[in-house]
Structure formats: C-alpha cells, structure tokens
Amino acid sequence: MLNIKFPDGATREYEAGATGLDVVNSISKSLAKKTVAIKINGELSDLSEKLSNDALVEFVMRDDEAALELIRHDCAHVLAEAVQELWPDTQVTIGPVIENGFYYDFARDEPFSMEDLKTIEKKMSQIIQRGASFTKEVWSRDEAKKVFATKGELYKGELIDAIPEGENLNIYKQGQWFDLCRGPHMRSTRDVGQAFKLTKVAGAYWRGDSNNAVLSRIYGTAWANQKQLDEYLHMVAEAEKRDHRKLGKELDLFHFQEEAQGSVFWHPNGFVIYNAMEQYIRRKVNGSDYKEIKTPELMDVKLWEKSGHWAKFRDNMFVVPDEIPSMEDDAPVLSGDAKLMALKPMNCPAHVQVFNQGIKSYRDLPLRYAEFGCCHRNEAHGALHGLMRVRQMTQDDGHIFCREDQIKSETENFCDLLDSIYAELGFDGVKILLATRPDVRAGSDETWDLAEASLNDALASTGREFEIVAGEGAFYGPKLEFHLKDAIGRTWQCGTLQLDFVLPERLDASYIAEDSSRQRPVMLHRAILGTLERFIGILIENHAGRMPMWLAPTQVVVAPIVSGFDNYADDIVNKLMAKGIRAVSDCRNEKINYKVREHSHAKVPAIFVVGEREANEGSVSIRRLGEQGQKVLNLEEAIENIVKEATPPDLR
C-alpha cells in the first residue's frame with residue numbers, strides 16, 4: 001500500500017497503481033468534477049498518472065494559477081488540430097507555452113495571414129466544445145517514427161531522431177488527433193474554455209537556425225476566464241499605444257538607423273531626459289558614499305580570458321585588432337605580434353583593476369565604485385527592440401568591495417537605496433527574487449554554498465519578502481533580481497545585486513586583514529536602473545509619453561493669444577529660464593486653440609496662455625496636460641509652483 005499525504009496534513013492509503021483520478025474520487029465526487037490535474041511531490045501530472053511511491057498529492061482546479069500553463073498548453077494542441085482539420089497538408093512541429101500564451105510552428109507552402117486567424121479560432125471553438133478526452137499512450141521510438149512518417153510529418157521524425165534509442169515516447173490523443181508531447185494535460189479539450197485569442201502570425205526558422213526552412217508561427221493567448229482575457233487584451237492595446245518606439249518618434253526623442261544597428265541616436269528632447277536621469281542617479285549614489293570612476297571601453301582580450309567572460313560571452317563581444325591590418329589580395333592580414341582587443345560588455349573586470357591599484361586595508365572596506373559605463377554587446381539583429389534591447393548601452397553600474405562580515409549591511413544599504421529610487425520614480429510593490437547557481441558556472445560548489453547562504457541570510461535580515469528561483473544566477477555568483485510593476489501591470493526586471501567570490505580570486509584582488517594576512521574581498525555587483533536606455537524606455541511607456549515635470553524636455557510653453565503680447569510672453573520665458581525651467585514661447589501667428597492642441601500632442605506638461613487680461617494683471621492662464629479648463633494665477637505664484645514641481649524628487 002502507498003501512503004499518500006495531502007496539503008492539509010491528512011494521509012490515506014492506496015494500492016500501488018492508483019491514479020490521481022482514483023484518489024480524488026475517493027475523497028469527493030464534487031471535488032473530482034472541479035479537478036483538472038494533480039501535483040505529485042510538487043510536479044504537475046495528468047489525473048491519469050499512476051502512483052507508484054509514497055507521495056504528497058495536491059489537486060489542481062481549473063481556476064488555480066497552476067492550471068494556467070495547462071490551459072495554454074492544451075490550447076496549443078487544439079490550435080494544431082484546428083489547423084490540420086482546415087489545411088490537412090500542413091505539418092505540425094513544436095508548440096510551447098510562453099509568457100502570457102503559447103505559439104505553434106507549422107510547415108506549409110503558403111504562410112498564414114491575419115485573416116486566417118478568425119477561421120482557425122472558429123474551428124478551435126468547435127474542437128473545445130466537442131470535449132474530446134486527453135489520453136496518454138506510450139509508444140516505442142520506432143513505432144512513433146513509423147506512424148509520423150506515414151502521416152508525412154517529417155519534422156516530428158527529426159524530433160524523434162533526437163531522442164535516445166530505446167527510450168519510449170509519450171503520445172497524447174484528443175479524439176482522432178494526436179501529437180508527440182511530454183504532457184501533462186487536463187481532462188479534455190472542454191477544460192480549455194473559450195477565453196482564448198490568436199494574436200499574430202510570424203515567420204520562424206526551424207529550430208531557430210537561419211540555415212533551416214522558414215516555418216509559419218501562430219501566436220495565441222489563453223486565460224481561465226473571459227475577464228482575465230479582456231484585461232490582458234486591454235493591457236496589450238494600452239502597451240501598443242504606449243510603445244516607446246512610436247512615442248519616441250512622435251515626441252522627437254531618438255531614432256535608430258541601419259548604419260548603427262542597436263545604437264541610439266539621441267535627439268535634443270530625448271537627451272534632456274537622458275541627462276536628467278543620469279544626474280539624478282549620480283546624486284543618489286554619491287549620497288550613498290560611492291566613488292564615481294571611468295574605465296576604458298576597449299581592453300585586451302587577455303583580461304577577459306582571465307576573468308572568465310571570454311569563455312562565457314565571446315559570441316556577444318565585439319573584437320578588434322590593436323593595429324591597422326595590412327592588405328593582401330584585398331584581405332586584411334595581422335602581424336604575429338598583433339593583440340586582440342574587445343569592447344567591454346560589462347564593467348566588472350575594469351573595476352577590479354581600479355581596486356587593485358595600491359594596497360587596500362580592511363579599514364578601507366567597504367569600497368564602493370560607481371560608473372556610467374558605456375558597454376557593447378553583439379546582440380542578434382532580430383533580438384533588438386528599440387531602447388529595450390540595444391547593442392550600445394550605458395549601465396548605472398556599481399561594485400562594492402567588502403569583507404564577508406559586511407555583506408549583510410551592504411545588502412541592506414543597497415536595498416534601501418533601490419527602494420528610495422523606485423519610490424521617487426513612481427514605482428512601488430517591488431518583487432525580489434533570489435536566483436541560485438546555474439548549470440554552467442564558475443567557482444566550486446563550496447564557494448557557491450557560501451555565496452548563496454550569505455546572500456540569502458543578508459536579504460532575510462532586511463525583513464523583505466523574496467522568492468527563490470533555482471538555476472537563474474549569474475555565472476560567477478547568486479543574484480537578487482528586483483522586479484517593478486508599471487502603470488498597466490507589466491513587470492520589468494531592472495535592479496540587481498550579485499554576490500561574487502570568484503572574480504576577486506581570478507583577478508587577484510586582495511586587502512590586508514586586521515591580522516596582517518592577505519585576504520580576498522567579496523565583490524557585490526549592483527545596478528538600480530540596469531541601463532539608462534532601457535529604463536528610459538520603461539519610463540516613456542509607464543507615463544505614456546507624459547513625462548513628469550522634472551523629466552519633460554519642454555516643461556512650459558508660453559503662448560500669447562495675439563502678437564501684441566509677445567513681449568510679455570518672452571519676459572515670462574526669461575523668468576522661468578532664470579529659475580532653471582525649460583521654457584519656450586510660441587509667438588507664431590496661429591490661433592491659440594491650435595497652439596494648445598499642438599503642444600498638448602507634444603506632451604508639454606504646462607501651457608501658459610497670456611492675453612490682455614494676463615498682461616495687465618501680471619498673471620497667466622495655465623492649461624495642464626490631461627486636465628480640462630484652465631487656472632489663472634499670479635505670475636510669481638505660477639512660477640513658484642512650476643519650480644517646485646520641476647524639482648527632481650531627491651531634491652524636494
């Protein structure tokens with residue numbers, strides 16, 4: 001007999017071979033009607049899964065968060081069946097669950113179009129209503145290959161070839177349709193529900209290799225109910241309206257072009273935002289006793305080999321020779337003495353070089369370095385995405401060199417600094433993840449044990465809640481990830497704190513301890529924004545282009561109603577500029593409503609409208625972006641209010 005334990009602590013005995021369905025039926029028929037899957041020792045499984053050992057069993061209801069992945073997985077299978085019912089000659093390849101949805105890649109002569117999606121959705125709805133049961137069969141490798149070959153599913157044959165000989169395969173059926181799949185699945189297609197939507201089509205190389213055939217990919221999303229689907233689609237629509245690339249063009253902030261793939265051309269308006277953010281972060285870190293430094297962008301490959309970055313990041317580094325090559329037969333030739341140099345993808349090895357200059361004492365620690373380091377990463381063209389994914393970036397980077405007994409205090413200080421910055425920038429509810437050792441890593445298991453325990457204890461001592469994500473750490477140490485939520489509910493991972501015992505050892509960093517021995521410092525890699533480019537992109541989308549006053553490229557436009565009051569408008573502009581306000585006058589011979597519309601479209605926070613009454617009274621009529629009507633104030637009071645609002649949050 002098997003001893004099965006439940007989350008409430010209760011236990012029951014079952015015969016070996018009992019299924020999840022047997023277990024839930026034995027407890028409650030009504031519970032069985034609601035249950036779509038089970039967890040066996042925390043792992044999602046079909047209800048048909050047979051129990052062979054003592055285990056902790058949890059029941060998964062369709063409305064549980066754990067069921068959402070199953071809904072999307074099953075919906076992908078329904079999509080594939082629908083496509084093959086509509087176009088029988090189409091081959092299916094792979095269809096994984098992704099964030100907020102799923103996709104499926106198909107091989108067919110003619111790519112799908114957006115017009116096809118409604119037809120497919122209708123067929124999917126019919127398949128879901130049929131309610132065919134998901135059933136698992138175990139086939140031999142040879143049997144599976146033969147069946148799929150008979151069906152003309154050549155891509156499935158390739159997938160089967162990659163599976164070791166002698167290993168059996170799971171085949172999931174839903175009615176007459178079936179697919180090669182690890183599972184698990186819910187009870188039937190009816191459990192998918194109707195809260196799904198196919199969202200777009202795209203081309204995709206088979207197995208992501210540009211040398212392979214181009215497949216037709218269909219993306220979709222699926223949710224537990226219509227309310228969740230509607231909320232998601234609303235968020236997507238909002239995200240499209242807030243797209244920083246679109247707003248960047250409309251507001252004349254920046255552009256990209258073919259001759260500088262992945263590098264930003266900042267326009268005057270955009271560079272105002274860039275400089276304001278850099279100055280703000282500089283004030284914040286200087287106030288936390290960081291010393292700002294500047295290190296080279298181009299360094300000898302030998303340093304990157306020594307640090308370990310060459311082995312890990314070589315494919316993402318730009319490499320150049322340190323001499324002008326000679327030309328033979330129109331091909332560049334380097335001398336045997338030529339060195340290879342690399343543009344830095346990160347700043348950490350250079351910061352160790354600064355630390356290594358001179359002798360450091362335990363009394364010097366902690367030593368905090370900060371740099372707005374310009375870094376380059378050779379991202380694939382297809383991965384580039386406006387400001388969010390670039391090749392040239394500026395990191396608000398910092399490295400803390402400290403003793404082991406200072407890890408807790410430095411972690412707490414950093415968390416406090418990060419919290420204050422995110423709050424001042426309008427973000428709250430930051431989620432913290434502790435990412436542990438990845439499969440490919442530097443350093444011994446003993447070093448990782450120490451690093452993970454140290455970072456875990458340091459974070460726990462701050463009293464902050466956090467979750468552990470296994471295998472997501474940096475290659476040289478565990479890290480904290482700080483995820484913020486924007487105005488439409490999207491999360492962004494920006495801040496990070498990484499604990500590193502490896503790099504100081506590799507690059508021979510040391511300090512003289514109290515007992516005069518030579519010791520290795522602990523190195524904390526940290527960033528708050530991540531990169532200025534990406535964080536500015538997040539801010540643009542978070543505010544839908546309506547930047548807060550202190551970040552707005554133009555803070556005030558003064559617009560006279562008629563030209564007779566141009567001088568009064570210019571005088572106001574001069575007074576605003578004398579107070580540090582970015583102000584301009586609009587004295588064009590245009591109607592005032594036209595001027596107001598134009599500057600509102602340009603997302604100018606405040607428009608001062610002036611005419612005869614304002615000139616005589618020494619006042620202004622203020623129109624605020626996003627507000628109805630206007631407010632008349634004495635000029636001095638209006639300027640004082642603008643100055644307060646335009647003051648960066650750390651200086652208020």
# chains A, B, ... in the order shown; residues from 1 in each chain; ligands from 1

$ residues_around --residues "Ile400 of chain A" --least-positions-apart "5" --cutoff "8 Å" --atoms "only C-alpha atoms" --output "list in words"
Pro366, Leu367, Arg368, Tyr369, Val522, Met523, Leu524, His525 and Arg526 of chain A

$ select_by_dssp --residues "segment 391-634 of chain A" --states "strand (DSSP E or B)" --output "ChimeraX atom specification"
/A:392-402,431-435,467-469,474,477,479-485,491-500,511-512,518-519,522-531,556-560,583-585,606-610,619-624,631-634

$ residues_around --residues "segment 376-382 of chain A" --least-positions-apart "5" --cutoff "8 Å" --atoms "only C-alpha atoms" --output "ChimeraX atom specification"
/A:261-262,315-318,343-346,390-393

$ write_last_selection --atoms "C-alpha atoms" --output "PDB file, in the first residue's frame"
ATOM      1  CA  GLN A 261      22.231  48.722 -35.589  1.00  0.00           C
ATOM      2  CA  GLY A 262      21.165  48.714 -31.959  1.00  0.00           C
ATOM      3  CA  ASP A 315      29.864  35.408 -29.044  1.00  0.00           C
ATOM      4  CA  ASN A 316      28.353  38.630 -27.722  1.00  0.00           C
ATOM      5  CA  MET A 317      31.562  40.667 -27.728  1.00  0.00           C
ATOM      6  CA  PHE A 318      32.859  42.996 -30.422  1.00  0.00           C
ATOM      7  CA  LEU A 343      34.768  46.310 -26.393  1.00  0.00           C
ATOM      8  CA  LYS A 344      33.578  45.701 -22.861  1.00  0.00           C
ATOM      9  CA  PRO A 345      30.169  44.026 -22.469  1.00  0.00           C
ATOM     10  CA  MET A 346      30.238  44.871 -18.742  1.00  0.00           C
ATOM     11  CA  VAL A 390      20.320  47.588 -27.753  1.00  0.00           C
ATOM     12  CA  ARG A 391      23.917  46.898 -28.672  1.00  0.00           C
ATOM     13  CA  GLN A 392      25.403  50.031 -27.101  1.00  0.00           C
ATOM     14  CA  MET A 393      24.164  50.782 -23.590  1.00  0.00           C
TER      15      MET A 393
END

$ atom_distance --atom1 "atom CA of Arg464 of chain A" --atom2 "atom CA of Leu434 of chain A"
11.6 Å

$ residues_around --residues "Ile163 of chain A" --least-positions-apart "3" --cutoff "12 Å" --atoms "only C-alpha atoms" --output "PDB file with C-alpha atoms, in the first residue's frame"
ATOM      1  CA  SER A 140       8.332   2.938 -28.777  1.00  0.00           C
ATOM      2  CA  ARG A 141      10.671   5.233 -30.653  1.00  0.00           C
ATOM      3  CA  ASP A 142      10.477   3.103 -33.809  1.00  0.00           C
ATOM      4  CA  ALA A 144       6.342   6.656 -33.298  1.00  0.00           C
ATOM      5  CA  LYS A 145       8.739   7.344 -36.138  1.00  0.00           C
ATOM      6  CA  LYS A 156       8.224  15.111 -35.995  1.00  0.00           C
ATOM      7  CA  GLY A 157      10.580  12.497 -37.426  1.00  0.00           C
ATOM      8  CA  GLU A 158      13.520  14.854 -36.768  1.00  0.00           C
ATOM      9  CA  LEU A 159      12.363  15.404 -33.196  1.00  0.00           C
ATOM     10  CA  ILE A 160      12.103  11.650 -32.659  1.00  0.00           C
ATOM     11  CA  GLY A 166      15.329   2.610 -26.599  1.00  0.00           C
ATOM     12  CA  GLU A 167      13.547   5.488 -24.891  1.00  0.00           C
ATOM     13  CA  ASN A 168       9.754   5.380 -25.047  1.00  0.00           C
ATOM     14  CA  LEU A 169       7.719   8.422 -26.068  1.00  0.00           C
ATOM     15  CA  ASN A 170       4.516   9.960 -24.775  1.00  0.00           C
ATOM     16  CA  LEU A 180       4.235  13.815 -29.575  1.00  0.00           C
TER      17      LEU A 180
END

$ residues_around --residues "Gly131 of chain A" --least-positions-apart "6" --cutoff "6 Å" --atoms "only C-alpha atoms" --output "mmCIF file with C-alpha atoms, in the first residue's frame"
data_model
loop_
_atom_site.group_PDB
_atom_site.id
_atom_site.type_symbol
_atom_site.label_atom_id
_atom_site.label_comp_id
_atom_site.auth_asym_id
_atom_site.auth_seq_id
_atom_site.Cartn_x
_atom_site.Cartn_y
_atom_site.Cartn_z
ATOM 1 C CA SER A 188 -10.483 17.109 -22.051
ATOM 2 C CA THR A 189 -10.463 19.884 -24.630
ATOM 3 C CA ARG A 190 -13.544 21.343 -22.891
#

$ atom_distance --atom1 "atom CA of Val556 of chain A" --atom2 "atom CA of Glu617 of chain A"
20.0 Å

$ residues_around --residues "Trp223 of chain A" --least-positions-apart "5" --cutoff "9 Å" --atoms "only C-alpha atoms" --output "ChimeraX atom specification"
/A:68,71-72,100-101,192-196,228-229,232

$ residues_around --residues "Phe475 of chain A" --least-positions-apart "4" --cutoff "12 Å" --atoms "only C-alpha atoms" --output "PyMOL selection string"
chain A and resi 307-309+311-313+435-444+448+471+479+498-503

$ write_last_selection --atoms "C-alpha atoms" --output "compact mmCIF listing (two decimals), in the first residue's frame"
# COMPACT_ATOMS: atom_id res chain seq x y z
CA SER A 307 38.08 36.97 -15.74
CA GLY A 308 36.18 34.14 -17.45
CA HIS A 309 33.99 36.43 -19.54
CA ALA A 311 34.55 31.80 -22.45
CA LYS A 312 31.05 32.85 -21.42
CA PHE A 313 30.36 35.96 -23.54
CA ALA A 435 18.48 33.45 -8.24
CA THR A 436 20.73 30.49 -7.40
CA ARG A 437 23.51 28.61 -9.20
CA PRO A 438 23.11 27.90 -12.93
CA ASP A 439 24.24 24.67 -14.55
CA VAL A 440 27.17 26.42 -16.26
CA ARG A 441 29.09 28.44 -13.68
CA ALA A 442 32.49 29.42 -12.37
CA GLY A 443 33.71 28.51 -8.90
CA SER A 444 33.48 25.41 -6.73
CA TRP A 448 28.56 28.63 -4.25
CA GLY A 471 19.33 27.97 -11.68
CA LYS A 479 21.98 37.34 -7.53
CA GLN A 498 25.11 39.83 -7.35
CA LEU A 499 27.42 38.32 -4.76
CA ASP A 500 30.75 37.20 -6.17
CA PHE A 501 33.64 35.33 -4.55
CA VAL A 502 35.01 34.20 -7.94
CA LEU A 503 36.15 37.34 -9.78

$ closest_residue --among "A:Glu424, A:Asn3, A:His73, A:Lys34" --to "Asp54 of chain A" --atoms "only C-alpha atoms"
A:Asn3

$ atom_distance --atom1 "atom CA of Val83 of chain A" --atom2 "atom CA of Arg108 of chain A"
10.7 Å

$ closest_residue --among "A:Tyr14, A:Trp492, A:Trp177, A:Phe265" --to "His77 of chain A" --atoms "only C-alpha atoms"
A:Trp177

$ closest_residue --among "A:Gly358, A:Gly426, A:Gly629, A:Gly618" --to "Ala509 of chain A" --atoms "only C-alpha atoms"
A:Gly358

$ select_by_dssp --residues "segment 414-580 of chain A" --states "alpha helix (DSSP H)" --output "ChimeraX atom specification"
/A:414-424,445-461,502-506,532-542,566-578

$ write_last_selection --atoms "C-alpha atoms" --output "short mmCIF file (atom, residue, chain, number, x, y, z; two decimals), in the first residue's frame"
data_model
loop_
_atom_site.label_atom_id
_atom_site.label_comp_id
_atom_site.auth_asym_id
_atom_site.auth_seq_id
_atom_site.Cartn_x
_atom_site.Cartn_y
_atom_site.Cartn_z
CA PHE A 414 21.62 48.74 -1.35
CA CYS A 415 18.02 47.59 -0.89
CA ASP A 416 17.20 50.83 0.93
CA LEU A 417 18.79 52.88 -1.85
CA LEU A 418 16.95 50.97 -4.55
CA ASP A 419 13.61 51.26 -2.72
CA SER A 420 14.00 55.02 -2.35
CA ILE A 421 14.84 55.47 -6.05
CA TYR A 422 11.98 53.31 -7.32
CA ALA A 423 9.54 55.09 -4.98
CA GLU A 424 10.74 58.52 -6.15
CA ASP A 445 30.33 24.04 -5.11
CA GLU A 446 31.76 25.07 -1.73
CA THR A 447 32.12 28.65 -2.95
CA TRP A 448 28.56 28.63 -4.25
CA ASP A 449 27.26 27.17 -0.99
CA LEU A 450 28.87 30.05 0.88
CA ALA A 451 27.72 32.70 -1.60
CA GLU A 452 24.10 31.51 -1.68
CA ALA A 453 23.87 31.21 2.09
CA SER A 454 25.45 34.64 2.57
CA LEU A 455 23.10 36.38 0.15
CA ASN A 456 20.05 34.53 1.46
CA ASP A 457 20.89 35.48 5.07
CA ALA A 458 21.68 39.07 4.12
CA LEU A 459 18.37 39.55 2.34
CA ALA A 460 16.41 37.78 5.07
CA SER A 461 17.98 40.09 7.67
CA VAL A 502 35.01 34.20 -7.94
CA LEU A 503 36.15 37.34 -9.78
CA PRO A 504 38.32 38.70 -6.92
CA GLU A 505 40.13 35.35 -6.93
CA ARG A 506 40.57 35.24 -10.70
CA LEU A 532 19.73 54.14 -18.90
CA GLU A 533 18.39 53.28 -22.35
CA ARG A 534 16.05 50.53 -21.21
CA PHE A 535 14.87 52.33 -18.10
CA ILE A 536 14.04 55.45 -20.10
CA GLY A 537 12.06 53.22 -22.46
CA ILE A 538 10.17 51.85 -19.44
CA LEU A 539 9.51 55.38 -18.14
CA ILE A 540 8.20 56.55 -21.53
CA GLU A 541 5.76 53.63 -21.65
CA ASN A 542 4.83 53.88 -17.98
CA ASP A 566 4.69 88.57 -27.50
CA ASN A 567 6.93 90.69 -25.31
CA TYR A 568 5.04 89.66 -22.17
CA ALA A 569 5.38 86.00 -23.23
CA ASP A 570 9.14 86.37 -23.81
CA ASP A 571 9.53 88.10 -20.44
CA ILE A 572 7.80 85.15 -18.72
CA VAL A 573 10.07 82.70 -20.53
CA ASN A 574 13.15 84.58 -19.34
CA LYS A 575 11.91 84.49 -15.75
CA LEU A 576 11.20 80.76 -15.99
CA MET A 577 14.61 80.03 -17.51
CA ALA A 578 16.29 82.09 -14.79
#

$ decode --residues "segment 58-72 of chain A" --atoms "N, CA and C atoms" --output "PDB file, in the first residue's frame"
ATOM      1  N   GLU A  58      -1.395  17.034  -4.475  1.00  0.00           N
ATOM      2  CA  GLU A  58      -2.226  18.240  -4.423  1.00  0.00           C
ATOM      3  C   GLU A  58      -3.165  18.218  -5.632  1.00  0.00           C
ATOM      4  N   PHE A  59      -4.385  18.661  -5.427  1.00  0.00           N
ATOM      5  CA  PHE A  59      -5.359  18.712  -6.507  1.00  0.00           C
ATOM      6  C   PHE A  59      -5.338  20.100  -7.149  1.00  0.00           C
ATOM      7  N   VAL A  60      -5.337  20.136  -8.472  1.00  0.00           N
ATOM      8  CA  VAL A  60      -5.280  21.399  -9.213  1.00  0.00           C
ATOM      9  C   VAL A  60      -6.640  21.665  -9.837  1.00  0.00           C
ATOM     10  N   MET A  61      -7.265  22.758  -9.417  1.00  0.00           N
ATOM     11  CA  MET A  61      -8.543  23.174 -10.006  1.00  0.00           C
ATOM     12  C   MET A  61      -8.274  24.031 -11.239  1.00  0.00           C
ATOM     13  N   ARG A  62      -9.276  24.138 -12.084  1.00  0.00           N
ATOM     14  CA  ARG A  62      -9.067  24.895 -13.319  1.00  0.00           C
ATOM     15  C   ARG A  62      -8.778  26.369 -13.051  1.00  0.00           C
ATOM     16  N   ASP A  63      -9.317  26.924 -11.971  1.00  0.00           N
ATOM     17  CA  ASP A  63      -9.100  28.333 -11.671  1.00  0.00           C
ATOM     18  C   ASP A  63      -7.816  28.587 -10.890  1.00  0.00           C
ATOM     19  N   ASP A  64      -7.096  27.527 -10.524  1.00  0.00           N
ATOM     20  CA  ASP A  64      -5.831  27.709  -9.818  1.00  0.00           C
ATOM     21  C   ASP A  64      -4.786  28.296 -10.763  1.00  0.00           C
ATOM     22  N   GLU A  65      -3.868  29.040 -10.184  1.00  0.00           N
ATOM     23  CA  GLU A  65      -2.795  29.626 -11.001  1.00  0.00           C
ATOM     24  C   GLU A  65      -1.978  28.535 -11.694  1.00  0.00           C
ATOM     25  N   ALA A  66      -1.807  27.402 -11.016  1.00  0.00           N
ATOM     26  CA  ALA A  66      -1.012  26.302 -11.588  1.00  0.00           C
ATOM     27  C   ALA A  66      -1.649  25.739 -12.849  1.00  0.00           C
ATOM     28  N   ALA A  67      -2.980  25.919 -13.010  1.00  0.00           N
ATOM     29  CA  ALA A  67      -3.676  25.367 -14.177  1.00  0.00           C
ATOM     30  C   ALA A  67      -3.498  26.224 -15.419  1.00  0.00           C
ATOM     31  N   LEU A  68      -3.040  27.461 -15.249  1.00  0.00           N
ATOM     32  CA  LEU A  68      -2.962  28.369 -16.392  1.00  0.00           C
ATOM     33  C   LEU A  68      -2.008  27.847 -17.464  1.00  0.00           C
ATOM     34  N   GLU A  69      -0.887  27.288 -17.039  1.00  0.00           N
ATOM     35  CA  GLU A  69       0.052  26.711 -18.005  1.00  0.00           C
ATOM     36  C   GLU A  69      -0.596  25.548 -18.756  1.00  0.00           C
ATOM     37  N   LEU A  70      -1.391  24.745 -18.045  1.00  0.00           N
ATOM     38  CA  LEU A  70      -2.077  23.624 -18.695  1.00  0.00           C
ATOM     39  C   LEU A  70      -3.107  24.126 -19.703  1.00  0.00           C
ATOM     40  N   ILE A  71      -3.861  25.162 -19.342  1.00  0.00           N
ATOM     41  CA  ILE A  71      -4.847  25.732 -20.267  1.00  0.00           C
ATOM     42  C   ILE A  71      -4.162  26.153 -21.559  1.00  0.00           C
ATOM     43  N   ARG A  72      -3.028  26.811 -21.427  1.00  0.00           N
ATOM     44  CA  ARG A  72      -2.311  27.299 -22.621  1.00  0.00           C
ATOM     45  C   ARG A  72      -1.688  26.148 -23.407  1.00  0.00           C
TER      46      ARG A  72
END
